[in-house]
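S.K.: Below you'll find the structure I mean.
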Amino acid sequence: MTSRYRTPVARGAPVSIAASLVGLVFLLVGVLGFIPGITTDFSDMEFAGHESGAELFGLFQVSVLHNLVHLAFGVAGVLMARTATLARSFLLGGGVIYLVLWIYGLVVDKDSDANFVPLNTADDWLHFGLGLGMVALGIFLPRRAPGPY
């Protein structure tokens, strides 16, 4: 196949556009997690673990590891948006990962070393919404752009 069928954002395929936008949001959130002021108690940020006192927007507990995971998801989303098949895989796979992370957050003792990401209740419910949203986008969005191709 020639490259005209595999151009960035898969020639306007809705699933590719969605994966690209989700990836860009993850990149933005990952960067914002490293900005004092947007991340409250920035000086209390740890590399990982429940001891990290930093919170993105004063609500979502973050650590360096947590921010790096957001950045990695963002890069994956932007790169995988280049084809509709990869975009769908990103949305479905990422959505399942976030649903598993939601369940993990519900069952983990928030004050234990097992809470290494770290997660708080706001993170848990955000992960639930992200997981459902990403899976829904991956299932229901078309893989082809509207119009003659």
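Within each chain, counting starts at residue 1; across the structure tokens, chains are named A, B, ... in the order shown, with ligands numbered 1 upward in that order.
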Enumerate, in order of chain and increasing residue number, the residues of region 92-140 of chain A with an atom no farther than 12 Å from region 13-16 of chain A, each with its shortest atom pair and distance in Å to one decimal, counting only C-alpha atoms, as a tab-separated table.
M.R.:
residue	atom	partner	partner_atom	distance
A:Leu92	CA	A:Val15	CA	10.7
A:Met134	CA	A:Val15	CA	10.3
A:Val135	CA	A:Val15	CA	11.1
A:Ala136	CA	A:Val15	CA	10.5
A:Leu137	CA	A:Val15	CA	6.9
A:Gly138	CA	A:Val15	CA	6.5
A:Ile139	CA	A:Val15	CA	8.9
A:Phe140	CA	A:Val15	CA	8.4
S.K.: Assign secondary structure with DSSP using the backbone only, and return the residues of chain A in strand (DSSP E or B) as a list in words.
M.R.: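 Restricting chain A to strand (DSSP E or B) produces Pro36, Thr39, Thr40, Glu55, Leu56, Phe60 and Gln61 of chain A.
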S.K.: Tell me, as a ChimeraX atom specification, which residues lie within 6 Å of Gly58 (chain A), counting only C-alpha atoms; anything in the same chain fewer than 2 positions away does not count.
M.R.: /A:40,55-56
S.K.: Just checking: using only C-alpha atoms, which residue out of A:Gly37, A:Pro142, A:Gly30, A:Pro118 ends up closest to His70 (chain A)?
M.R.: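 That would be A:Gly30, the residue with the smallest distance to His70 (chain A).
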S.K.: Ranking A:Gly105, A:Phe73, A:His66, A:Asp41 by minimum distance to Phe90 (chain A) and counting only C-alpha atoms, which one comes first?
M.R.: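 Checking each candidate against Phe90 (chain A), we get A:Phe73 as the closest.
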S.K.: May I have the residues within 8 Å of Gly131 (chain A) as an NGL selection string, using only C-alpha atoms and disregarding those fewer than 2 positions away in the same chain?
M.R.: :A and (94-99 or 127-129 or 133-135)
S.K.: Applying 7 Å and only C-alpha atoms, which residues near Val78 (chain A) remain after dropping the ones on its own chain fewer than 4 positions away? List them as a PyMOL selection string.
M.R.: chain A and resi 19-20+23-24+74
S.K.: Counting only C-alpha atoms, figure out which residue out of A:Ala54, A:Ile38, A:Ala18, A:Met45 gets nearest to Ala81 (chain A).
M.R.: A:Ala18
S.K.: I need the residues of chain A that end up classed as alpha helix (DSSP H) by DSSP on the backbone, written out as number ranges by chain.
M.R.: A: 14-32, 64-80, 84-107, 121-140
S.K.: Any idea what's packed within 9 Å of Phe60 (chain A), counting only C-alpha atoms, ignoring anything in its chain fewer than 6 positions away? Could you give it as JSON, numbers by chain?
M.R.: {"A": [39, 54, 119, 120, 121, 122, 123, 126]}
S.K.: Work out how far apart CA of Gly33 (chain A) and CA of Asp124 (chain A) are and give it in Å to one decimal.
M.R.: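 If I compute the distance from CA of Gly33 (chain A) to CA of Asp124 (chain A), I get 16.9 Å.
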